[in-house]
Every structure is written in C-alpha cells, then in structure tokens.
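Enquirer: Structure incoming, see below.
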Amino acid sequence: MSDVRVLADPEAVSRAAADDFVALARETVGRCGSFSVALSGGSTPRRLYQLLAEAPRRAEVDWSRVDFFWGDERAVPPDHPDSNYGAAQAALLGPVGAPAERVHRINGELADPEQAAREYEAELARVLGAAPGGPPPALGLILLGMGADGHTASLFPYSQALAERRRWALSVYVARLGATRITLTPPVLNRGREIRLLVTGRDKAGALHEALEGPREPERLPVQLIAPEAGRVVWLVDRAAASKLSGA
C-alpha cells in the first residue's frame, strides 16, 4: 500500500518525515520495546535529522531503544565527508546520544566492499533475529530518497543488484560515479513495515512522474522496485518534485 503526500517545500517534507518518525518510534517502542530504522544518505534527509535532534521531537523518543541501520553506504571511512554514517552521526546520532551498541553502520572502509556487505547481512540477522540466508528481517522504518535518474538507496538503473532475490546487502560499482557502494537489496527493503520516500526539487519531477504514473520499468527506474506486499510506502514530495504529476 502506498500514498503520495504533496507538501509545500523541502522544509515541509522534512518536518512531515520527522513527525512520522517520532510517531512510529513512540508507538513501536511502546508496543515492542524497540524500534529499528534504516537511515538514508544524500542531502535530502539532513534537515530531517536536524529536526529530530531538536526540541521538542528529541524528547519524545527513547533513543536508547532505537536501532539505527543504513540503506546504503559509500566505500569510504566513517570520518570521510561522503560517509552516510558520518552525516547522520553529526546531525542526529551524536546530538541525541544514541548508544553505540544501537548504531549498526556499514563498514565502508574495508578493502573488500563485498566483505562489508556480507558482514552487514550478518549484523542485520543478529540484531533483528533473522536467519542468515533465510527470509529477510522486517525493519520498522526505512527512509529512502530518489535520484533524478530514478535510483534509490544505491540501486542504480540497469545494475545487476536490481535482480537480486536472496542477498540482503551487496557491493555495487556505479560506473557513472566511478565509485563503489554497499546497498540493501529489494528483498530486505520490501520487508520494511513502513517506508518513507522523500523527494524534493524540480530536477526530480520527470523521474517522479514516470515512477508513479508511467509504465513499470524498474530496470530503468529502480525506485519502482519499492513495492512491499505487507508494509506501507508513503511518498513525501514537495511541490517542485510533484509539478509533473496529474492534478499538480
């Protein structure tokens, strides 16, 4: 199940995502005792992380009961400017005092990125109580973005990772970026109980229109692979990104 919420601007998108995060964390911790989230990289979620770390939202979440994962990571050390972990650590994890044992980063600095992917699968299994090689675990919330080319996480157009059905994490080489990344795969992304897809900016309008209203072409538009059978997808988009949607 999915729905699309069109909001005024990137700030409104970030605030809506922050409010959803707080509500889901409070409800899930109250019901289950813990809450798991996969954070997104890139520029779009940084304001979201800042808002979560500020009053009053910061006080509304029991951060000692939140397990943090990542949807993807660059093959860089954690203190590198391009590190998705580093960005979240500076904007959110440090300010809210997230316990180190609850922060499960991808070891992007390893010389063998495939080893990093294998280790991350093992970490997901350990923390979330799943059997390695079996059905993927269900994260409570997965935060994702979308690029102007329709990619999400580090699932890029025409990548071999798009066809993955068993592995939960893979290393991928992105030729047009000349870079290696480690990414969660469609099987585990589509097990998310709640997914928030944040899309802002007029440069995303064409891809958003095609992804939501065009034919199904997931090889060309990988974000179309995000279609969980049991979970819910909510698109949080600003007016600029939604400018080519029907009725916009």
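Chain identifiers are assigned as A, B, and so on, following the order in which chains appear in the structure tokens; residues are numbered from 1 within each chain, and ligands are numbered from 1 in order of appearance.
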As a PyMOL selection string, please: all residues of region 8-243 of chain A that backbone DSSP puts in strand (DSSP E or B).
Expert: chain A and resi 35-39+66-70+72-74+103+141-145+152+155+169-174+179-184+194-199+232-238
Enquirer: Applying 12 Å and only C-alpha atoms, which residues near region 97-103 of chain A remain after dropping the ones on its own chain fewer than 5 positions away? List them as number ranges by chain.
Expert: A: 34-39, 53, 58-59, 61-70, 85-86, 88-92, 123-124, 127-128
Enquirer: What does the file look like for those residues with C-alpha atoms, as a PDB file, in the first residue's frame?
Expert:
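Printed below is out21.pdb as written:
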ATOM      1  CA  SER A  34      12.440  -1.316  20.488  1.00  0.00           C
ATOM      2  CA  PHE A  35      12.325   0.343  17.087  1.00  0.00           C
ATOM      3  CA  SER A  36      14.559  -0.259  14.054  1.00  0.00           C
ATOM      4  CA  VAL A  37      15.177   2.259  11.286  1.00  0.00           C
ATOM      5  CA  ALA A  38      17.315   2.306   8.157  1.00  0.00           C
ATOM      6  CA  LEU A  39      18.596   5.819   7.514  1.00  0.00           C
ATOM      7  CA  ALA A  53      17.686  16.215  17.234  1.00  0.00           C
ATOM      8  CA  ARG A  58      14.232  14.932  20.640  1.00  0.00           C
ATOM      9  CA  ALA A  59      12.496  14.499  23.994  1.00  0.00           C
ATOM     10  CA  VAL A  61      11.729   9.456  21.502  1.00  0.00           C
ATOM     11  CA  ASP A  62      13.501   6.987  23.788  1.00  0.00           C
ATOM     12  CA  TRP A  63      16.704   6.934  21.758  1.00  0.00           C
ATOM     13  CA  SER A  64      18.168   4.154  23.910  1.00  0.00           C
ATOM     14  CA  ARG A  65      15.631   1.799  22.286  1.00  0.00           C
ATOM     15  CA  VAL A  66      16.195   2.746  18.638  1.00  0.00           C
ATOM     16  CA  ASP A  67      18.419   0.569  16.442  1.00  0.00           C
ATOM     17  CA  PHE A  68      19.952   2.506  13.558  1.00  0.00           C
ATOM     18  CA  PHE A  69      20.866   0.890  10.242  1.00  0.00           C
ATOM     19  CA  TRP A  70      21.609   2.345   6.796  1.00  0.00           C
ATOM     20  CA  TYR A  85      27.095   7.284   8.623  1.00  0.00           C
ATOM     21  CA  GLY A  86      29.224  10.358   9.291  1.00  0.00           C
ATOM     22  CA  ALA A  88      23.908  11.030  10.405  1.00  0.00           C
ATOM     23  CA  GLN A  89      26.333  10.894  13.316  1.00  0.00           C
ATOM     24  CA  ALA A  90      26.937  14.636  13.146  1.00  0.00           C
ATOM     25  CA  ALA A  91      23.305  15.693  12.635  1.00  0.00           C
ATOM     26  CA  LEU A  92      21.383  13.112  14.683  1.00  0.00           C
ATOM     27  CA  GLU A 123      24.601  -7.781  11.588  1.00  0.00           C
ATOM     28  CA  LEU A 124      21.026  -7.430  10.351  1.00  0.00           C
ATOM     29  CA  VAL A 127      20.165  -7.679  15.737  1.00  0.00           C
ATOM     30  CA  LEU A 128      16.777  -8.371  14.179  1.00  0.00           C
TER      31      LEU A 128
END
Enquirer: Which residues are close to Ala125 (chain A), i.e. within 12 Å by only C-alpha atoms, leaving aside same-chain residues fewer than 3 positions away? Reply as a PDB file with C-alpha atoms, in the first residue's frame.
Expert:
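So out_18.pdb came out as:
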ATOM      1  CA  HIS A 104      24.899  -0.512  13.205  1.00  0.00           C
ATOM      2  CA  ARG A 118      28.399  -9.885   3.967  1.00  0.00           C
ATOM      3  CA  GLU A 119      29.148  -8.514   7.424  1.00  0.00           C
ATOM      4  CA  TYR A 120      26.147  -6.227   7.211  1.00  0.00           C
ATOM      5  CA  GLU A 121      23.872  -9.120   6.366  1.00  0.00           C
ATOM      6  CA  ALA A 122      25.189 -10.886   9.466  1.00  0.00           C
ATOM      7  CA  LEU A 128      16.777  -8.371  14.179  1.00  0.00           C
ATOM      8  CA  GLY A 129      16.639 -12.078  14.956  1.00  0.00           C
ATOM      9  CA  ALA A 130      16.639 -13.422  11.417  1.00  0.00           C
ATOM     10  CA  ALA A 131      18.360 -16.489   9.998  1.00  0.00           C
ATOM     11  CA  PRO A 132      21.205 -15.678   7.583  1.00  0.00           C
ATOM     12  CA  GLY A 133      20.216 -16.837   4.116  1.00  0.00           C
ATOM     13  CA  GLY A 134      16.559 -17.077   5.083  1.00  0.00           C
ATOM     14  CA  PRO A 135      13.691 -14.618   4.678  1.00  0.00           C
ATOM     15  CA  PRO A 136      14.900 -11.049   5.296  1.00  0.00           C
ATOM     16  CA  PRO A 137      14.080  -9.264   8.556  1.00  0.00           C
ATOM     17  CA  ALA A 138      11.456  -6.537   8.740  1.00  0.00           C
ATOM     18  CA  LEU A 139      12.778  -3.092   9.681  1.00  0.00           C
ATOM     19  CA  ARG A 167      21.023 -11.432  -0.642  1.00  0.00           C
ATOM     20  CA  TRP A 168      20.133  -8.628   1.770  1.00  0.00           C
ATOM     21  CA  ALA A 169      23.165  -6.449   1.012  1.00  0.00           C
ATOM     22  CA  VAL A 188      15.009  -6.529   2.535  1.00  0.00           C
TER      23      VAL A 188
END
Enquirer: Of the candidates A:Ala55, A:Ile182, A:Ala241, A:Leu143, which one gets nearest to Leu110 (chain A) if we count only C-alpha atoms?
Expert: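 Of A:Ala55, A:Ile182, A:Ala241, A:Leu143, the one nearest Leu110 (chain A), counting only C-alpha atoms, is A:Ile182.
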Enquirer: Identify, on the basis of only C-alpha atoms, every residue whose closest approach to Asn190 (chain A) does not exceed 10 Å; exclude the query and any residue fewer than 2 positions from it along the same chain; express the result as a ChimeraX atom specification.
Expert: /A:136-139,142,185-188,192-195,225-233
Enquirer: Go ahead and dump the residues you just picked, N, CA and C atoms, as a PDB file, in the first residue's frame.
Expert:
ATOM      1  N   PRO A 136      14.287 -12.243   4.698  1.00  0.00           N
ATOM      2  CA  PRO A 136      14.900 -11.049   5.296  1.00  0.00           C
ATOM      3  C   PRO A 136      14.107 -10.535   6.479  1.00  0.00           C
ATOM      4  N   PRO A 137      14.774  -9.837   7.403  1.00  0.00           N
ATOM      5  CA  PRO A 137      14.080  -9.264   8.556  1.00  0.00           C
ATOM      6  C   PRO A 137      13.250  -8.060   8.145  1.00  0.00           C
ATOM      7  N   ALA A 138      12.329  -7.673   9.010  1.00  0.00           N
ATOM      8  CA  ALA A 138      11.456  -6.537   8.740  1.00  0.00           C
ATOM      9  C   ALA A 138      11.883  -5.350   9.607  1.00  0.00           C
ATOM     10  N   LEU A 139      12.442  -4.317   8.978  1.00  0.00           N
ATOM     11  CA  LEU A 139      12.778  -3.092   9.681  1.00  0.00           C
ATOM     12  C   LEU A 139      11.504  -2.291   9.942  1.00  0.00           C
ATOM     13  N   ILE A 142      11.988   2.431   7.025  1.00  0.00           N
ATOM     14  CA  ILE A 142      13.080   2.603   6.070  1.00  0.00           C
ATOM     15  C   ILE A 142      12.913   3.968   5.413  1.00  0.00           C
ATOM     16  N   THR A 185      19.240  -4.538  -0.545  1.00  0.00           N
ATOM     17  CA  THR A 185      18.660  -5.022  -1.788  1.00  0.00           C
ATOM     18  C   THR A 185      17.131  -4.988  -1.726  1.00  0.00           C
ATOM     19  N   PRO A 186      16.468  -5.139  -2.878  1.00  0.00           N
ATOM     20  CA  PRO A 186      14.997  -5.118  -2.873  1.00  0.00           C
ATOM     21  C   PRO A 186      14.337  -6.083  -1.889  1.00  0.00           C
ATOM     22  N   PRO A 187      14.840  -7.321  -1.703  1.00  0.00           N
ATOM     23  CA  PRO A 187      14.144  -8.209  -0.776  1.00  0.00           C
ATOM     24  C   PRO A 187      14.019  -7.659   0.645  1.00  0.00           C
ATOM     25  N   VAL A 188      15.092  -7.043   1.165  1.00  0.00           N
ATOM     26  CA  VAL A 188      15.009  -6.529   2.535  1.00  0.00           C
ATOM     27  C   VAL A 188      14.326  -5.165   2.569  1.00  0.00           C
ATOM     28  N   GLY A 192      10.235  -3.779   4.781  1.00  0.00           N
ATOM     29  CA  GLY A 192      10.024  -2.690   5.728  1.00  0.00           C
ATOM     30  C   GLY A 192       8.546  -2.553   6.098  1.00  0.00           C
ATOM     31  N   ARG A 193       8.270  -2.389   7.392  1.00  0.00           N
ATOM     32  CA  ARG A 193       6.879  -2.210   7.823  1.00  0.00           C
ATOM     33  C   ARG A 193       6.351  -0.844   7.394  1.00  0.00           C
ATOM     34  N   GLU A 194       7.223   0.160   7.457  1.00  0.00           N
ATOM     35  CA  GLU A 194       6.878   1.497   6.997  1.00  0.00           C
ATOM     36  C   GLU A 194       8.052   2.014   6.168  1.00  0.00           C
ATOM     37  N   ILE A 195       7.763   2.586   5.015  1.00  0.00           N
ATOM     38  CA  ILE A 195       8.790   3.165   4.148  1.00  0.00           C
ATOM     39  C   ILE A 195       8.394   4.603   3.844  1.00  0.00           C
ATOM     40  N   LEU A 225      10.897  -0.615  -7.833  1.00  0.00           N
ATOM     41  CA  LEU A 225      11.028  -1.898  -7.145  1.00  0.00           C
ATOM     42  C   LEU A 225      10.530  -1.823  -5.711  1.00  0.00           C
ATOM     43  N   ILE A 226      10.400  -0.627  -5.176  1.00  0.00           N
ATOM     44  CA  ILE A 226       9.946  -0.479  -3.793  1.00  0.00           C
ATOM     45  C   ILE A 226       8.433  -0.648  -3.772  1.00  0.00           C
ATOM     46  N   ALA A 227       8.016  -1.870  -3.499  1.00  0.00           N
ATOM     47  CA  ALA A 227       6.600  -2.237  -3.529  1.00  0.00           C
ATOM     48  C   ALA A 227       6.354  -3.370  -2.545  1.00  0.00           C
ATOM     49  N   PRO A 228       6.387  -3.097  -1.245  1.00  0.00           N
ATOM     50  CA  PRO A 228       6.220  -4.161  -0.256  1.00  0.00           C
ATOM     51  C   PRO A 228       4.820  -4.753  -0.286  1.00  0.00           C
ATOM     52  N   GLU A 229       4.746  -6.058  -0.030  1.00  0.00           N
ATOM     53  CA  GLU A 229       3.456  -6.732  -0.018  1.00  0.00           C
ATOM     54  C   GLU A 229       2.660  -6.404   1.239  1.00  0.00           C
ATOM     55  N   ALA A 230       3.354  -6.277   2.365  1.00  0.00           N
ATOM     56  CA  ALA A 230       2.661  -6.078   3.639  1.00  0.00           C
ATOM     57  C   ALA A 230       2.872  -4.685   4.219  1.00  0.00           C
ATOM     58  N   GLY A 231       3.997  -4.060   3.935  1.00  0.00           N
ATOM     59  CA  GLY A 231       4.290  -2.757   4.510  1.00  0.00           C
ATOM     60  C   GLY A 231       3.603  -1.624   3.759  1.00  0.00           C
ATOM     61  N   ARG A 232       3.868  -0.407   4.222  1.00  0.00           N
ATOM     62  CA  ARG A 232       3.260   0.777   3.624  1.00  0.00           C
ATOM     63  C   ARG A 232       4.336   1.729   3.130  1.00  0.00           C
ATOM     64  N   VAL A 233       4.161   2.228   1.926  1.00  0.00           N
ATOM     65  CA  VAL A 233       5.055   3.234   1.357  1.00  0.00           C
ATOM     66  C   VAL A 233       4.328   4.575   1.331  1.00  0.00           C
TER      67      VAL A 233
END
Enquirer: When you count only C-alpha atoms, which of these residues is closest to Gly147 (chain A): A:Glu109, A:Asp203, A:Glu213, A:Asp9?
Expert: A:Asp203
Enquirer: Quick check, in Å to one decimal: how far apart do CA of Asp149 (chain A) and CA of Ala211 (chain A) lie?
Expert: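 Those two atoms sit 10.2 Å apart.
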Enquirer: List the spatial neighbours of Arg47 (chain A) as a list in words - criterion: any atom at most 12 Å away, only C-alpha atoms, same-chain residues fewer than 3 positions off excluded.
Expert: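 With the cut-off at 12 Å, the set is Pro10, Glu11, Ala12, Val13, Ser14, Arg15, Ala16, Ala17, Ala18, Ser40, Gly41, Gly42, Ser43, Thr44, Gln50, Leu51, Leu52, Ala53, Glu54, Ala87, Ala88, Ala90, Ala91, Leu92 and Leu198 of chain A.
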Enquirer: Within 8 Å of Leu184 (chain A), counting only C-alpha atoms, which residues show up once you throw out same-chain ones fewer than 5 positions away? Write them as a compact mmCIF listing (two decimals) with C-alpha atoms, in the first residue's frame, please.
Expert:
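Just written: part_34.txt:
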# COMPACT_ATOMS: atom_id res chain seq x y z
CA GLY A 71 20.05 1.72 3.42
CA ASP A 72 23.39 2.21 1.71
CA ALA A 153 19.47 3.58 -1.96
CA SER A 154 22.36 2.53 -4.23
CA TRP A 168 20.13 -8.63 1.77
CA ALA A 169 23.16 -6.45 1.01
CA LEU A 170 25.53 -6.18 -1.94
CA LEU A 189 13.82 -3.06 1.51
Enquirer: For Arg26 (chain A), find every residue with an atom within 8 Å (counting only C-alpha atoms), except residues of its own chain fewer than 2 positions away, and show them as a list in words.
Expert: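 Close residues of Arg26 (chain A): Val22, Ala23, Leu24, Thr28, Val29, Gly30, Glu60, Val61 and Asp62 of chain A.
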